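To start, the structure itself, in C-alpha coordinates.
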Amino acid sequence: MDSIGSNSDKSRNNSKRKQWYDKDVQLMLAFQSGQQEAFKEIVLRNQKRVYSIIYRLIGNHADSEDLTQEVFLRVFRTAKTYKPMAKFSTWLYRIATNVALNAIRARRKGKTVSLDMTDSGEDVRHPWQVGDKHGRSPESYIHQEELINKINKALEILPENQRISFILNKYEHLSYREIADILGCSTMAVKSLLTRARCNLQDALKRYLGADFVKHLPNHRGDEGVKEI
Amino acid sequence: MDENDLMKQSDLEQLSAWMDGELPSDQADHIAKLVEQDDDWRAAYEQFCAVDQVASMLAGTITPPKDLPERIIRTVYRRRRIIKVLRIAAPVAAAACILIALWVGGVFSRQGVRQTTSIVPQKSIVKIEKKIDTILKDINPEDRFIVQNLTLFKEYPRIEEYRKIAEVVDADTLSALEVLEGTGRM
(Lines give C-alpha, C1' and ligand atoms only; values in the text may rest on other atoms or scores of the structure.)
Protein backbone atom coordinates (compact mmCIF):
# COMPACT_ATOMS: atom_id res chain seq x y z
CA MET A 1 0.00 0.00 0.00
CA ASP A 2 2.71 2.41 1.02
CA SER A 3 4.61 1.54 -2.09
CA ILE A 4 2.37 3.84 -4.08
CA GLY A 5 3.35 6.67 -1.80
CA SER A 6 7.09 5.91 -1.89
CA ASN A 7 7.02 5.49 -5.65
CA SER A 8 5.17 8.73 -5.93
CA ASP A 9 7.66 10.47 -3.68
CA LYS A 10 10.44 9.40 -6.02
CA SER A 11 8.47 10.58 -9.01
CA ARG A 12 7.76 13.84 -7.19
CA ASN A 13 11.46 14.41 -6.63
CA ASN A 14 12.13 13.59 -10.25
CA SER A 15 9.39 15.96 -11.36
CA LYS A 16 10.89 18.70 -9.13
CA ARG A 17 14.14 18.29 -10.96
CA LYS A 18 12.43 18.09 -14.30
CA GLN A 19 10.14 21.08 -13.80
CA TRP A 20 13.02 23.44 -14.48
CA TYR A 21 13.25 21.92 -17.92
CA ASP A 22 9.50 22.15 -18.39
CA LYS A 23 8.88 24.38 -21.37
CA ASP A 24 5.78 25.90 -19.78
CA VAL A 25 7.69 26.77 -16.62
CA GLN A 26 10.32 28.50 -18.72
CA LEU A 27 7.58 30.38 -20.54
CA MET A 28 6.01 31.47 -17.27
CA LEU A 29 9.37 32.74 -16.03
CA ALA A 30 9.88 34.54 -19.31
CA PHE A 31 6.45 36.10 -18.96
CA GLN A 32 7.30 37.12 -15.41
CA SER A 33 10.33 38.94 -16.74
CA GLY A 34 8.09 40.91 -19.09
CA GLN A 35 8.04 38.94 -22.32
CA GLN A 36 4.41 39.27 -23.40
CA GLU A 37 4.82 36.78 -26.24
CA ALA A 38 5.52 34.04 -23.68
CA PHE A 39 1.97 34.30 -22.35
CA LYS A 40 0.55 33.85 -25.84
CA GLU A 41 2.58 30.71 -26.22
CA ILE A 42 1.39 29.41 -22.86
CA VAL A 43 -2.19 29.88 -24.05
CA LEU A 44 -1.52 28.17 -27.36
CA ARG A 45 0.20 25.23 -25.70
CA ASN A 46 -2.34 24.64 -22.94
CA GLN A 47 -5.76 25.80 -24.10
CA LYS A 48 -6.79 22.36 -25.35
CA ARG A 49 -6.15 20.53 -22.10
CA VAL A 50 -7.80 23.27 -20.04
CA TYR A 51 -10.83 23.32 -22.32
CA SER A 52 -11.01 19.54 -22.28
CA ILE A 53 -11.02 19.13 -18.50
CA ILE A 54 -13.52 21.97 -18.05
CA TYR A 55 -15.79 20.55 -20.74
CA ARG A 56 -15.73 17.14 -19.09
CA LEU A 57 -16.67 18.68 -15.76
CA ILE A 58 -19.18 21.26 -17.00
CA GLY A 59 -20.69 19.51 -20.02
CA ASN A 60 -21.36 22.41 -22.37
CA HIS A 61 -19.26 24.32 -24.84
CA ALA A 62 -20.33 27.90 -24.20
CA ASP A 63 -19.57 27.76 -20.48
CA SER A 64 -16.36 25.82 -21.13
CA GLU A 65 -15.11 28.60 -23.40
CA ASP A 66 -15.87 31.28 -20.82
CA LEU A 67 -14.28 29.28 -18.03
CA THR A 68 -11.19 28.53 -20.11
CA GLN A 69 -10.78 32.28 -20.54
CA GLU A 70 -11.21 32.68 -16.79
CA VAL A 71 -8.48 30.11 -16.13
CA PHE A 72 -5.97 31.95 -18.32
CA LEU A 73 -6.97 35.23 -16.78
CA ARG A 74 -6.05 33.77 -13.39
CA VAL A 75 -2.77 32.50 -14.82
CA PHE A 76 -2.10 36.00 -16.13
CA ARG A 77 -2.92 37.64 -12.80
CA THR A 78 -0.88 35.23 -10.70
CA ALA A 79 2.07 35.19 -13.08
CA LYS A 80 3.90 37.79 -11.00
CA THR A 81 3.83 35.59 -7.91
CA TYR A 82 4.27 32.29 -9.75
CA LYS A 83 6.99 30.05 -8.36
CA PRO A 84 7.82 26.79 -10.10
CA MET A 85 7.07 24.59 -7.08
CA ALA A 86 5.17 21.94 -9.05
CA LYS A 87 4.72 20.85 -12.61
CA PHE A 88 3.12 23.62 -14.62
CA SER A 89 0.37 21.32 -15.90
CA THR A 90 -0.52 20.32 -12.31
CA TRP A 91 -0.77 23.96 -11.32
CA LEU A 92 -2.88 24.70 -14.39
CA TYR A 93 -5.17 21.71 -13.81
CA ARG A 94 -5.64 22.84 -10.22
CA ILE A 95 -6.78 26.27 -11.39
CA ALA A 96 -9.01 24.72 -14.05
CA THR A 97 -10.70 22.29 -11.66
CA ASN A 98 -11.24 25.06 -9.10
CA VAL A 99 -12.78 27.33 -11.71
CA ALA A 100 -15.00 24.53 -12.99
CA LEU A 101 -16.07 23.49 -9.50
CA ASN A 102 -16.93 27.08 -8.59
CA ALA A 103 -19.07 27.29 -11.71
CA ILE A 104 -20.79 24.00 -10.91
CA ARG A 105 -21.52 25.15 -7.36
CA ALA A 106 -22.80 28.51 -8.59
CA ARG A 107 -24.96 26.74 -11.13
CA ARG A 108 -26.40 24.52 -8.41
CA LYS A 109 -27.18 27.54 -6.26
CA GLY A 110 -28.61 29.68 -9.05
CA LYS A 111 -29.86 26.76 -11.13
CA THR A 112 -28.60 28.51 -14.24
CA VAL A 113 -29.60 26.60 -17.34
CA SER A 114 -27.34 26.89 -20.32
CA LEU A 115 -28.83 27.51 -23.72
CA ASP A 116 -27.28 24.23 -24.75
CA MET A 117 -29.50 22.40 -22.30
CA THR A 118 -32.81 20.81 -23.16
CA ASP A 119 -35.89 21.08 -20.97
CA SER A 120 -34.79 18.00 -19.10
CA GLY A 121 -31.56 19.79 -18.25
CA GLU A 122 -29.40 17.67 -20.48
CA ASP A 123 -26.74 19.12 -22.67
CA VAL A 124 -27.75 18.58 -26.25
CA ARG A 125 -24.16 18.67 -27.43
CA HIS A 126 -22.32 15.70 -26.08
CA PRO A 127 -19.00 14.32 -27.18
CA TRP A 128 -20.66 11.49 -29.07
CA GLN A 129 -22.72 13.81 -31.21
CA VAL A 130 -20.37 13.75 -34.10
CA GLY A 131 -20.56 12.61 -37.61
CA ASP A 132 -20.74 8.82 -37.59
CA LYS A 133 -17.45 7.72 -39.03
CA HIS A 134 -18.21 4.07 -38.44
CA GLY A 135 -21.29 3.60 -40.60
CA ARG A 136 -23.64 2.82 -37.71
CA SER A 137 -27.36 2.62 -38.43
CA PRO A 138 -29.61 5.41 -37.05
CA GLU A 139 -31.13 2.91 -34.56
CA SER A 140 -27.77 1.91 -33.19
CA TYR A 141 -26.76 5.56 -33.15
CA ILE A 142 -29.83 6.46 -31.06
CA HIS A 143 -29.22 3.47 -28.82
CA GLN A 144 -25.64 4.55 -28.28
CA GLU A 145 -26.74 8.12 -27.65
CA GLU A 146 -29.15 6.94 -24.96
CA LEU A 147 -26.45 4.77 -23.50
CA ILE A 148 -23.98 7.61 -23.34
CA ASN A 149 -26.63 9.88 -21.80
CA LYS A 150 -26.97 7.36 -19.02
CA ILE A 151 -23.23 7.03 -18.59
CA ASN A 152 -23.02 10.80 -18.32
CA LYS A 153 -25.78 10.82 -15.72
CA ALA A 154 -23.94 8.15 -13.78
CA LEU A 155 -20.77 10.28 -13.87
CA GLU A 156 -22.66 13.41 -12.86
CA ILE A 157 -23.98 11.88 -9.65
CA LEU A 158 -20.49 11.02 -8.43
CA PRO A 159 -19.23 13.18 -5.55
CA GLU A 160 -17.02 16.05 -6.78
CA ASN A 161 -13.62 14.65 -5.84
CA GLN A 162 -14.43 11.16 -7.12
CA ARG A 163 -15.61 12.62 -10.40
CA ILE A 164 -12.55 14.84 -10.80
CA SER A 165 -10.20 11.99 -9.93
CA PHE A 166 -11.95 9.68 -12.38
CA ILE A 167 -11.94 12.24 -15.21
CA LEU A 168 -8.30 13.19 -14.64
CA ASN A 169 -7.26 9.55 -14.54
CA LYS A 170 -9.38 8.10 -17.34
CA TYR A 171 -9.49 10.97 -19.82
CA GLU A 172 -6.46 13.10 -19.04
CA HIS A 173 -4.35 10.04 -18.16
CA LEU A 174 -2.84 11.61 -15.06
CA SER A 175 -1.08 9.53 -12.43
CA TYR A 176 -2.26 9.21 -8.83
CA ARG A 177 0.56 11.53 -7.78
CA GLU A 178 -0.49 14.24 -10.21
CA ILE A 179 -4.14 13.93 -9.20
CA ALA A 180 -3.11 14.12 -5.54
CA ASP A 181 -1.18 17.34 -6.26
CA ILE A 182 -4.15 18.84 -8.06
CA LEU A 183 -6.65 17.92 -5.35
CA GLY A 184 -4.23 18.67 -2.54
CA CYS A 185 -4.49 15.22 -0.97
CA SER A 186 -2.37 12.06 -0.62
CA THR A 187 -1.95 9.38 -3.27
CA MET A 188 -3.67 6.96 -0.90
CA ALA A 189 -6.69 9.26 -0.86
CA VAL A 190 -6.69 9.31 -4.67
CA LYS A 191 -6.48 5.51 -4.71
CA SER A 192 -9.51 5.36 -2.42
CA LEU A 193 -11.38 8.02 -4.43
CA LEU A 194 -10.88 6.14 -7.69
CA THR A 195 -11.95 2.84 -6.20
CA ARG A 196 -15.10 4.40 -4.78
CA ALA A 197 -15.73 6.16 -8.09
CA ARG A 198 -15.55 2.80 -9.89
CA CYS A 199 -17.90 1.18 -7.36
CA ASN A 200 -20.38 4.07 -7.48
CA LEU A 201 -20.32 4.15 -11.27
CA GLN A 202 -20.94 0.43 -11.31
CA ASP A 203 -23.97 0.86 -9.02
CA ALA A 204 -25.30 3.78 -11.06
CA LEU A 205 -24.90 1.90 -14.34
CA LYS A 206 -26.74 -1.05 -12.86
CA ARG A 207 -29.56 1.30 -11.88
CA TYR A 208 -29.75 2.94 -15.31
CA LEU A 209 -28.99 -0.05 -17.52
CA GLY A 210 -29.82 -3.05 -15.37
CA ALA A 211 -27.62 -5.51 -13.51
CA ASP A 212 -26.35 -6.97 -16.79
CA PHE A 213 -25.26 -3.55 -18.12
CA VAL A 214 -22.16 -5.08 -19.65
CA LYS A 215 -24.41 -6.77 -22.25
CA HIS A 216 -25.70 -3.34 -23.36
CA LEU A 217 -22.27 -2.24 -24.35
CA PRO A 218 -21.35 -2.23 -27.99
CA ASN A 219 -18.02 -3.75 -28.93
CA HIS A 220 -16.40 -0.49 -27.99
CA ARG A 221 -13.12 -0.56 -26.16
CA GLY A 222 -12.08 2.98 -26.73
CA ASP A 223 -9.80 1.99 -29.59
CA GLU A 224 -12.50 2.45 -32.19
CA GLY A 225 -10.93 5.68 -33.26
CA VAL A 226 -10.70 9.08 -31.74
CA LYS A 227 -13.96 10.93 -31.79
CA GLU A 228 -13.67 14.58 -32.44
CA ILE A 229 -16.09 16.91 -30.81
CA MET B 1 -25.20 -9.98 -3.74
CA ASP B 2 -22.69 -7.85 -5.57
CA GLU B 3 -19.29 -9.36 -6.35
CA ASN B 4 -17.65 -6.26 -4.91
CA ASP B 5 -19.49 -6.70 -1.62
CA LEU B 6 -17.59 -9.91 -1.08
CA MET B 7 -14.29 -8.09 -1.08
CA LYS B 8 -12.81 -5.72 1.43
CA GLN B 9 -12.45 -2.07 0.51
CA SER B 10 -8.66 -2.36 0.79
CA ASP B 11 -8.68 -5.29 -1.68
CA LEU B 12 -10.79 -3.28 -4.10
CA GLU B 13 -8.37 -0.39 -3.78
CA GLN B 14 -5.46 -2.70 -4.58
CA LEU B 15 -7.34 -4.08 -7.57
CA SER B 16 -8.21 -0.58 -8.79
CA ALA B 17 -4.60 0.61 -8.40
CA TRP B 18 -3.35 -2.51 -10.18
CA MET B 19 -5.70 -1.84 -13.10
CA ASP B 20 -4.38 1.72 -13.27
CA GLY B 21 -0.78 0.48 -13.26
CA GLU B 22 -0.05 2.24 -9.98
CA LEU B 23 1.32 -0.72 -8.03
CA PRO B 24 4.97 -1.68 -7.81
CA SER B 25 5.86 -4.88 -9.66
CA ASP B 26 5.87 -7.26 -6.66
CA GLN B 27 2.39 -6.19 -5.58
CA ALA B 28 1.18 -6.13 -9.15
CA ASP B 29 2.26 -9.75 -9.64
CA HIS B 30 0.42 -10.76 -6.48
CA ILE B 31 -2.81 -9.09 -7.62
CA ALA B 32 -2.45 -10.62 -11.08
CA LYS B 33 -2.31 -14.09 -9.51
CA LEU B 34 -5.36 -13.37 -7.34
CA VAL B 35 -7.36 -12.23 -10.38
CA GLU B 36 -6.33 -15.33 -12.24
CA GLN B 37 -7.03 -17.81 -9.45
CA ASP B 38 -9.71 -16.31 -7.20
CA ASP B 39 -13.32 -16.16 -8.48
CA ASP B 40 -14.25 -13.14 -6.32
CA TRP B 41 -11.22 -11.20 -7.48
CA ARG B 42 -11.90 -12.14 -11.10
CA ALA B 43 -15.56 -11.14 -10.83
CA ALA B 44 -14.64 -7.80 -9.26
CA TYR B 45 -12.02 -7.28 -11.94
CA GLU B 46 -14.57 -7.94 -14.70
CA GLN B 47 -17.01 -5.46 -13.14
CA PHE B 48 -14.31 -2.79 -12.96
CA CYS B 49 -13.33 -3.55 -16.55
CA ALA B 50 -16.95 -3.05 -17.60
CA VAL B 51 -17.04 0.32 -15.84
CA ASP B 52 -13.79 1.33 -17.54
CA GLN B 53 -15.18 0.16 -20.87
CA VAL B 54 -18.31 2.26 -20.37
CA ALA B 55 -16.20 5.25 -19.36
CA SER B 56 -14.03 4.85 -22.42
CA MET B 57 -17.11 5.52 -24.57
CA LEU B 58 -16.85 9.15 -23.46
CA ALA B 59 -13.17 9.29 -24.27
CA GLY B 60 -12.09 11.20 -27.31
CA THR B 61 -10.42 14.42 -28.19
CA ILE B 62 -12.42 17.44 -27.18
CA THR B 63 -11.52 20.11 -29.66
CA PRO B 64 -12.03 23.70 -28.60
CA PRO B 65 -13.07 26.33 -31.17
CA LYS B 66 -10.22 27.34 -33.45
CA ASP B 67 -10.36 30.99 -32.43
CA LEU B 68 -10.33 30.25 -28.69
CA PRO B 69 -6.64 31.13 -28.09
CA GLU B 70 -7.14 34.43 -29.89
CA ARG B 71 -10.24 35.18 -27.81
CA ILE B 72 -8.47 34.23 -24.59
CA ILE B 73 -5.57 36.57 -25.31
CA ARG B 74 -7.92 39.37 -26.37
CA THR B 75 -10.06 38.96 -23.25
CA VAL B 76 -7.08 38.80 -20.92
CA TYR B 77 -5.46 41.95 -22.32
CA ARG B 78 -8.78 43.82 -22.47
CA ARG B 79 -9.47 43.00 -18.83
CA ARG B 80 -5.93 44.02 -17.94
CA ARG B 81 -6.53 47.40 -19.62
CA ILE B 82 -9.79 47.80 -17.71
CA ILE B 83 -8.03 46.94 -14.45
CA LYS B 84 -5.23 49.40 -15.26
CA VAL B 85 -7.74 52.16 -16.01
CA LEU B 86 -9.64 51.34 -12.82
CA ARG B 87 -6.42 51.39 -10.82
CA ILE B 88 -5.78 54.92 -12.01
CA ALA B 89 -9.37 56.08 -12.18
CA ALA B 90 -10.48 54.76 -8.81
CA PRO B 91 -8.16 56.92 -6.66
CA VAL B 92 -8.78 59.91 -8.93
CA ALA B 93 -12.53 59.41 -8.63
CA ALA B 94 -12.22 58.99 -4.88
CA ALA B 95 -10.18 62.18 -4.60
CA ALA B 96 -12.67 64.01 -6.81
CA CYS B 97 -15.53 62.81 -4.62
CA ILE B 98 -13.75 64.05 -1.51
CA LEU B 99 -13.08 67.43 -3.13
CA ILE B 100 -16.68 67.74 -4.28
CA ALA B 101 -17.88 66.80 -0.81
CA LEU B 102 -15.59 69.39 0.76
CA TRP B 103 -16.66 72.04 -1.73
CA VAL B 104 -20.36 71.33 -1.23
CA GLY B 105 -19.85 71.33 2.52
CA GLY B 106 -18.01 74.66 2.29
CA VAL B 107 -20.74 76.26 0.19
CA PHE B 108 -23.42 75.17 2.61
CA SER B 109 -21.50 76.43 5.61
CA ARG B 110 -20.89 79.79 3.87
CA GLN B 111 -24.60 80.05 3.02
CA GLY B 112 -25.32 79.41 6.65
CA VAL B 113 -23.02 82.27 7.68
CA ARG B 114 -24.58 84.54 5.08
CA GLN B 115 -28.05 83.74 6.29
CA THR B 116 -27.10 84.54 9.87
CA THR B 117 -25.35 87.81 8.94
CA SER B 118 -28.27 88.98 6.79
CA ILE B 119 -30.83 88.16 9.45
CA VAL B 120 -29.04 89.89 12.33
CA PRO B 121 -28.86 93.41 10.71
CA GLN B 122 -32.50 93.25 9.68
CA LYS B 123 -33.44 92.54 13.25
CA SER B 124 -31.19 95.33 14.54
CA ILE B 125 -32.68 97.84 12.04
CA VAL B 126 -36.17 97.03 13.22
CA LYS B 127 -35.03 97.55 16.78
CA ILE B 128 -33.43 100.93 15.90
CA GLU B 129 -36.54 102.04 14.03
CA LYS B 130 -38.65 101.21 17.06
CA LYS B 131 -36.28 103.18 19.28
CA ILE B 132 -36.44 106.20 16.91
CA ASP B 133 -40.22 106.06 16.92
CA THR B 134 -40.32 106.11 20.71
CA ILE B 135 -37.84 109.04 20.79
CA LEU B 136 -39.80 111.01 18.17
CA LYS B 137 -42.97 110.67 20.19
CA ASP B 138 -41.36 112.67 23.00
CA ILE B 139 -40.07 115.62 20.92
CA ASN B 140 -42.10 118.66 19.76
CA PRO B 141 -43.93 118.45 16.37
CA GLU B 142 -41.67 120.99 14.53
CA ASP B 143 -38.48 119.18 15.40
CA ARG B 144 -40.15 115.91 14.54
CA PHE B 145 -40.96 117.39 11.10
CA ILE B 146 -37.32 118.27 10.52
CA VAL B 147 -36.10 114.86 11.58
CA GLN B 148 -38.66 113.02 9.47
CA ASN B 149 -37.79 115.21 6.43
CA LEU B 150 -34.07 115.20 6.75
CA THR B 151 -33.65 114.74 2.99
CA LEU B 152 -35.47 118.04 2.41
CA PHE B 153 -33.22 119.85 4.78
CA LYS B 154 -30.18 118.65 2.93
CA GLU B 155 -31.03 121.53 0.54
CA TYR B 156 -30.71 124.00 3.42
CA PRO B 157 -27.60 125.84 2.05
CA ARG B 158 -29.45 126.69 -1.19
CA ILE B 159 -32.51 127.78 0.72
CA GLU B 160 -30.25 129.97 2.80
CA GLU B 161 -28.70 131.46 -0.35
CA TYR B 162 -32.15 132.15 -1.73
CA ARG B 163 -33.07 134.02 1.50
CA LYS B 164 -29.92 136.22 1.24
CA ILE B 165 -30.73 137.16 -2.38
CA ALA B 166 -34.29 137.92 -1.39
CA GLU B 167 -32.97 140.30 1.27
CA VAL B 168 -30.94 142.25 -1.36
CA VAL B 169 -33.45 142.23 -4.21
CA ASP B 170 -36.93 143.37 -3.62
CA ALA B 171 -39.88 141.14 -4.22
CA ASP B 172 -40.84 142.60 -7.63
CA THR B 173 -37.39 142.23 -9.06
CA LEU B 174 -37.24 138.71 -7.76
CA SER B 175 -40.53 137.80 -9.40
CA ALA B 176 -39.31 139.47 -12.64
CA LEU B 177 -36.14 137.35 -12.50
CA GLU B 178 -38.26 134.25 -12.01
CA VAL B 179 -40.32 135.14 -15.10
CA LEU B 180 -37.12 135.67 -17.14
CA GLU B 181 -35.76 132.31 -16.12
CA GLY B 182 -39.12 130.72 -16.96
CA THR B 183 -38.69 127.95 -14.44
CA GLY B 184 -39.84 129.67 -11.33
CA ARG B 185 -36.79 128.20 -9.68
CA MET B 186 -33.27 129.44 -9.10
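By order in the C-alpha coordinates, chains are A, B, ...; within a chain, residues start at 1; ligands start at 1, following the order shown.
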### Query
When the cut-off is 6 Å and we count only C-alpha atoms, which residues of chain B are near chain A, given as a PyMOL selection string?
chain B and resi 13+16+50-51+53+56+60-63+69+72+76
Include N, CA and C atoms and write out the residues we just selected as a PDB file, in the first residue's frame.
ATOM      1  N   GLU B  13      -9.313  -1.487  -3.504  1.00  0.00           N
ATOM      2  CA  GLU B  13      -8.372  -0.393  -3.782  1.00  0.00           C
ATOM      3  C   GLU B  13      -7.109  -0.922  -4.456  1.00  0.00           C
ATOM      4  N   SER B  16      -8.050  -1.810  -7.995  1.00  0.00           N
ATOM      5  CA  SER B  16      -8.209  -0.584  -8.793  1.00  0.00           C
ATOM      6  C   SER B  16      -6.838   0.009  -9.155  1.00  0.00           C
ATOM      7  N   ALA B  50     -15.731  -3.505 -16.934  1.00  0.00           N
ATOM      8  CA  ALA B  50     -16.952  -3.046 -17.604  1.00  0.00           C
ATOM      9  C   ALA B  50     -17.158  -1.550 -17.386  1.00  0.00           C
ATOM     10  N   VAL B  51     -16.903  -1.120 -16.153  1.00  0.00           N
ATOM     11  CA  VAL B  51     -17.037   0.318 -15.840  1.00  0.00           C
ATOM     12  C   VAL B  51     -16.050   1.117 -16.688  1.00  0.00           C
ATOM     13  N   GLN B  53     -14.764   0.227 -19.458  1.00  0.00           N
ATOM     14  CA  GLN B  53     -15.175   0.157 -20.870  1.00  0.00           C
ATOM     15  C   GLN B  53     -16.275   1.180 -21.166  1.00  0.00           C
ATOM     16  N   SER B  56     -14.839   4.585 -21.220  1.00  0.00           N
ATOM     17  CA  SER B  56     -14.031   4.847 -22.419  1.00  0.00           C
ATOM     18  C   SER B  56     -14.895   5.307 -23.599  1.00  0.00           C
ATOM     19  N   GLY B  60     -12.203  10.609 -25.977  1.00  0.00           N
ATOM     20  CA  GLY B  60     -12.091  11.203 -27.309  1.00  0.00           C
ATOM     21  C   GLY B  60     -11.528  12.593 -27.167  1.00  0.00           C
ATOM     22  N   THR B  61     -11.034  13.097 -28.246  1.00  0.00           N
ATOM     23  CA  THR B  61     -10.423  14.421 -28.191  1.00  0.00           C
ATOM     24  C   THR B  61     -11.506  15.480 -28.190  1.00  0.00           C
ATOM     25  N   ILE B  62     -11.478  16.312 -27.208  1.00  0.00           N
ATOM     26  CA  ILE B  62     -12.417  17.445 -27.184  1.00  0.00           C
ATOM     27  C   ILE B  62     -11.696  18.628 -27.808  1.00  0.00           C
ATOM     28  N   THR B  63     -12.199  19.036 -28.934  1.00  0.00           N
ATOM     29  CA  THR B  63     -11.520  20.107 -29.658  1.00  0.00           C
ATOM     30  C   THR B  63     -12.192  21.445 -29.369  1.00  0.00           C
ATOM     31  N   PRO B  69      -7.860  30.468 -28.610  1.00  0.00           N
ATOM     32  CA  PRO B  69      -6.644  31.126 -28.087  1.00  0.00           C
ATOM     33  C   PRO B  69      -6.634  32.635 -28.331  1.00  0.00           C
ATOM     34  N   ILE B  72      -9.021  34.227 -25.966  1.00  0.00           N
ATOM     35  CA  ILE B  72      -8.474  34.234 -24.589  1.00  0.00           C
ATOM     36  C   ILE B  72      -7.514  35.414 -24.435  1.00  0.00           C
ATOM     37  N   VAL B  76      -8.024  38.573 -22.022  1.00  0.00           N
ATOM     38  CA  VAL B  76      -7.076  38.803 -20.924  1.00  0.00           C
ATOM     39  C   VAL B  76      -6.501  40.219 -20.998  1.00  0.00           C
TER      40      VAL B  76
END
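Put simply, atom CA of Asp143 of chain B is 29.5 Å away from atom CA of Val168 of chain B.
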